[in-house]
Amino acid sequence: MDETSELTTKDVTTQDIAEVIAELEQYRERLVQETTETAKRAKLMRVSIMAKLEPELAKIDAALQELRNQQATLSGSN
């Protein structure tokens, strides 16, 4: 791998993390909204659709929490 393409922790700013958090939150919201709309059109119960969607939402939530932790760590060290 090329050395210039690797990011180290010190290369990442709190602003970078904030942007990723915002994008991931928008993705999560869009995923829930679009899945719910599709379920309505297919006349499926929202509860069953959300149950199937929950593992993916849990992954997104875990990634968001990790990013927030990194952001807090960077903010504390500045």
# chains A, B, ... in the order shown; residues from 1 in each chain; ligands from 1
>>> residues_around(residues="Arg28 in chain A", least_positions_apart="5", cutoff="9 Å", atoms="only C-alpha atoms", output="PyMOL selection string")
chain A and resi 23+33+57+60-61
>>> write_last_selection(atoms="all heavy atoms", output="PDB file, in the first residue's frame")
ATOM      1  N   GLU A  23     -23.004  12.107   7.750  1.00  0.00           N
ATOM      2  CA  GLU A  23     -23.356  11.286   6.587  1.00  0.00           C
ATOM      3  C   GLU A  23     -23.949   9.952   7.014  1.00  0.00           C
ATOM      4  O   GLU A  23     -24.923   9.477   6.420  1.00  0.00           O
ATOM      5  CB  GLU A  23     -22.128  11.065   5.707  1.00  0.00           C
ATOM      6  CG  GLU A  23     -21.677  12.304   4.979  1.00  0.00           C
ATOM      7  CD  GLU A  23     -20.376  12.107   4.217  1.00  0.00           C
ATOM      8  OE1 GLU A  23     -19.914  10.955   4.082  1.00  0.00           O
ATOM      9  OE2 GLU A  23     -19.812  13.109   3.756  1.00  0.00           O
ATOM     10  N   GLN A  33     -36.432   5.236   6.453  1.00  0.00           N
ATOM     11  CA  GLN A  33     -37.541   5.853   5.717  1.00  0.00           C
ATOM     12  C   GLN A  33     -37.865   5.081   4.432  1.00  0.00           C
ATOM     13  O   GLN A  33     -39.033   4.768   4.169  1.00  0.00           O
ATOM     14  CB  GLN A  33     -37.195   7.298   5.382  1.00  0.00           C
ATOM     15  CG  GLN A  33     -38.302   8.029   4.672  1.00  0.00           C
ATOM     16  CD  GLN A  33     -37.932   9.477   4.369  1.00  0.00           C
ATOM     17  OE1 GLN A  33     -36.760   9.837   4.375  1.00  0.00           O
ATOM     18  NE2 GLN A  33     -38.921  10.291   4.104  1.00  0.00           N
ATOM     19  N   LEU A  57     -29.185  -1.701  11.476  1.00  0.00           N
ATOM     20  CA  LEU A  57     -29.246  -0.475  12.275  1.00  0.00           C
ATOM     21  C   LEU A  57     -28.299  -0.567  13.473  1.00  0.00           C
ATOM     22  O   LEU A  57     -27.669   0.422  13.845  1.00  0.00           O
ATOM     23  CB  LEU A  57     -30.679  -0.206  12.743  1.00  0.00           C
ATOM     24  CG  LEU A  57     -31.689   0.107  11.644  1.00  0.00           C
ATOM     25  CD1 LEU A  57     -33.083   0.290  12.243  1.00  0.00           C
ATOM     26  CD2 LEU A  57     -31.278   1.316  10.839  1.00  0.00           C
ATOM     27  N   ILE A  60     -24.834   0.219  12.273  1.00  0.00           N
ATOM     28  CA  ILE A  60     -24.697   1.660  12.041  1.00  0.00           C
ATOM     29  C   ILE A  60     -24.567   2.393  13.377  1.00  0.00           C
ATOM     30  O   ILE A  60     -23.709   3.260  13.536  1.00  0.00           O
ATOM     31  CB  ILE A  60     -25.896   2.201  11.228  1.00  0.00           C
ATOM     32  CG1 ILE A  60     -25.882   1.607   9.810  1.00  0.00           C
ATOM     33  CG2 ILE A  60     -25.871   3.729  11.171  1.00  0.00           C
ATOM     34  CD1 ILE A  60     -27.148   1.871   9.014  1.00  0.00           C
ATOM     35  N   ASP A  61     -25.402   2.025  14.340  1.00  0.00           N
ATOM     36  CA  ASP A  61     -25.355   2.662  15.653  1.00  0.00           C
ATOM     37  C   ASP A  61     -24.007   2.421  16.336  1.00  0.00           C
ATOM     38  O   ASP A  61     -23.457   3.322  16.970  1.00  0.00           O
ATOM     39  CB  ASP A  61     -26.506   2.173  16.530  1.00  0.00           C
ATOM     40  CG  ASP A  61     -27.859   2.664  16.048  1.00  0.00           C
ATOM     41  OD1 ASP A  61     -27.908   3.659  15.285  1.00  0.00           O
ATOM     42  OD2 ASP A  61     -28.878   2.054  16.429  1.00  0.00           O
TER      43      ASP A  61
END
>>> select_by_dssp(residues="chain A", states="helix (DSSP H, G or I)", output="PyMOL selection string")
chain A and resi 3-5+9-11+14-41+46-77
>>> residues_around(residues="range 43-52 of chain A", least_positions_apart="6", cutoff="12 Å", atoms="only C-alpha atoms", output="NGL selection string")
:A and (31-37 or 58)
>>> residues_around(residues="Gln70 in chain A", least_positions_apart="6", cutoff="12 Å", atoms="only C-alpha atoms", output="list of chain:residue names")
A:Thr9, A:Lys10, A:Val12, A:Thr13, A:Thr14, A:Gln15, A:Asp16, A:Ile17, A:Ala18, A:Val20, A:Ile21, A:Ala63, A:Leu64, A:Gly76, A:Ser77
>>> decode(residues="chain A", atoms="C-alpha atoms", output="PDB file, in the first residue's frame")
ATOM      1  CA  MET A   1       0.000   0.000   0.000  1.00  0.00           C
ATOM      2  CA  ASP A   2       1.194   3.494  -0.823  1.00  0.00           C
ATOM      3  CA  GLU A   3       2.311   5.465   2.233  1.00  0.00           C
ATOM      4  CA  THR A   4       0.493   8.599   1.072  1.00  0.00           C
ATOM      5  CA  SER A   5      -2.846   6.786   0.894  1.00  0.00           C
ATOM      6  CA  GLU A   6      -2.691   5.603   4.512  1.00  0.00           C
ATOM      7  CA  LEU A   7      -4.347   7.774   7.129  1.00  0.00           C
ATOM      8  CA  THR A   8      -3.055   7.874  10.634  1.00  0.00           C
ATOM      9  CA  THR A   9      -5.059   8.975  13.625  1.00  0.00           C
ATOM     10  CA  LYS A  10      -3.305  12.321  13.706  1.00  0.00           C
ATOM     11  CA  ASP A  11      -4.331  12.954  10.089  1.00  0.00           C
ATOM     12  CA  VAL A  12      -8.011  12.742  11.039  1.00  0.00           C
ATOM     13  CA  THR A  13      -9.556  15.887  12.481  1.00  0.00           C
ATOM     14  CA  THR A  14     -12.670  16.292  14.581  1.00  0.00           C
ATOM     15  CA  GLN A  15     -14.220  18.013  11.555  1.00  0.00           C
ATOM     16  CA  ASP A  16     -13.550  14.915   9.414  1.00  0.00           C
ATOM     17  CA  ILE A  17     -15.218  12.724  11.999  1.00  0.00           C
ATOM     18  CA  ALA A  18     -18.160  15.121  12.332  1.00  0.00           C
ATOM     19  CA  GLU A  19     -18.721  14.948   8.577  1.00  0.00           C
ATOM     20  CA  VAL A  20     -18.674  11.145   8.599  1.00  0.00           C
ATOM     21  CA  ILE A  21     -21.058  11.075  11.560  1.00  0.00           C
ATOM     22  CA  ALA A  22     -23.479  13.398   9.751  1.00  0.00           C
ATOM     23  CA  GLU A  23     -23.356  11.286   6.587  1.00  0.00           C
ATOM     24  CA  LEU A  24     -23.867   8.064   8.521  1.00  0.00           C
ATOM     25  CA  GLU A  25     -26.818   9.555  10.421  1.00  0.00           C
ATOM     26  CA  GLN A  26     -28.376  10.660   7.125  1.00  0.00           C
ATOM     27  CA  TYR A  27     -27.812   7.188   5.674  1.00  0.00           C
ATOM     28  CA  ARG A  28     -29.466   5.560   8.704  1.00  0.00           C
ATOM     29  CA  GLU A  29     -32.468   7.879   8.496  1.00  0.00           C
ATOM     30  CA  ARG A  30     -32.824   7.332   4.750  1.00  0.00           C
ATOM     31  CA  LEU A  31     -32.540   3.554   5.162  1.00  0.00           C
ATOM     32  CA  VAL A  32     -35.352   3.470   7.724  1.00  0.00           C
ATOM     33  CA  GLN A  33     -37.541   5.853   5.717  1.00  0.00           C
ATOM     34  CA  GLU A  34     -37.091   4.074   2.373  1.00  0.00           C
ATOM     35  CA  THR A  35     -37.558   0.634   3.918  1.00  0.00           C
ATOM     36  CA  THR A  36     -40.739   1.771   5.658  1.00  0.00           C
ATOM     37  CA  GLU A  37     -42.098   3.285   2.444  1.00  0.00           C
ATOM     38  CA  THR A  38     -41.317   0.121   0.507  1.00  0.00           C
ATOM     39  CA  ALA A  39     -42.989  -1.993   3.179  1.00  0.00           C
ATOM     40  CA  LYS A  40     -46.136   0.154   2.937  1.00  0.00           C
ATOM     41  CA  ARG A  41     -46.263  -0.254  -0.827  1.00  0.00           C
ATOM     42  CA  ALA A  42     -45.778  -4.009  -0.468  1.00  0.00           C
ATOM     43  CA  LYS A  43     -48.412  -4.042   2.309  1.00  0.00           C
ATOM     44  CA  LEU A  44     -45.987  -5.581   4.778  1.00  0.00           C
ATOM     45  CA  MET A  45     -46.137  -4.963   8.490  1.00  0.00           C
ATOM     46  CA  ARG A  46     -43.698  -2.298   9.658  1.00  0.00           C
ATOM     47  CA  VAL A  47     -42.835  -4.350  12.758  1.00  0.00           C
ATOM     48  CA  SER A  48     -41.627  -7.320  10.726  1.00  0.00           C
ATOM     49  CA  ILE A  49     -39.639  -5.109   8.378  1.00  0.00           C
ATOM     50  CA  MET A  50     -37.978  -3.256  11.256  1.00  0.00           C
ATOM     51  CA  ALA A  51     -37.091  -6.574  12.898  1.00  0.00           C
ATOM     52  CA  LYS A  52     -35.221  -7.568   9.746  1.00  0.00           C
ATOM     53  CA  LEU A  53     -33.623  -4.148   9.501  1.00  0.00           C
ATOM     54  CA  GLU A  54     -32.530  -4.068  13.158  1.00  0.00           C
ATOM     55  CA  PRO A  55     -29.173  -5.907  12.699  1.00  0.00           C
ATOM     56  CA  GLU A  56     -28.096  -3.356  10.091  1.00  0.00           C
ATOM     57  CA  LEU A  57     -29.246  -0.475  12.275  1.00  0.00           C
ATOM     58  CA  ALA A  58     -27.280  -1.945  15.179  1.00  0.00           C
ATOM     59  CA  LYS A  59     -24.114  -1.954  13.033  1.00  0.00           C
ATOM     60  CA  ILE A  60     -24.697   1.660  12.041  1.00  0.00           C
ATOM     61  CA  ASP A  61     -25.355   2.662  15.653  1.00  0.00           C
ATOM     62  CA  ALA A  62     -22.162   0.908  16.800  1.00  0.00           C
ATOM     63  CA  ALA A  63     -20.153   2.685  14.096  1.00  0.00           C
ATOM     64  CA  LEU A  64     -21.687   6.021  15.113  1.00  0.00           C
ATOM     65  CA  GLN A  65     -20.788   5.418  18.750  1.00  0.00           C
ATOM     66  CA  GLU A  66     -17.214   4.517  17.837  1.00  0.00           C
ATOM     67  CA  LEU A  67     -16.901   7.671  15.735  1.00  0.00           C
ATOM     68  CA  ARG A  68     -18.294   9.791  18.567  1.00  0.00           C
ATOM     69  CA  ASN A  69     -15.781   8.204  20.946  1.00  0.00           C
ATOM     70  CA  GLN A  70     -12.943   9.006  18.531  1.00  0.00           C
ATOM     71  CA  GLN A  71     -14.232  12.545  18.151  1.00  0.00           C
ATOM     72  CA  ALA A  72     -14.339  12.995  21.933  1.00  0.00           C
ATOM     73  CA  THR A  73     -10.812  11.619  22.246  1.00  0.00           C
ATOM     74  CA  LEU A  74      -9.520  14.005  19.593  1.00  0.00           C
ATOM     75  CA  SER A  75     -11.371  16.945  21.138  1.00  0.00           C
ATOM     76  CA  GLY A  76      -9.913  16.147  24.531  1.00  0.00           C
ATOM     77  CA  SER A  77      -6.365  15.965  23.206  1.00  0.00           C
ATOM     78  CA  ASN A  78      -6.546  19.336  21.452  1.00  0.00           C
TER      79      ASN A  78
END
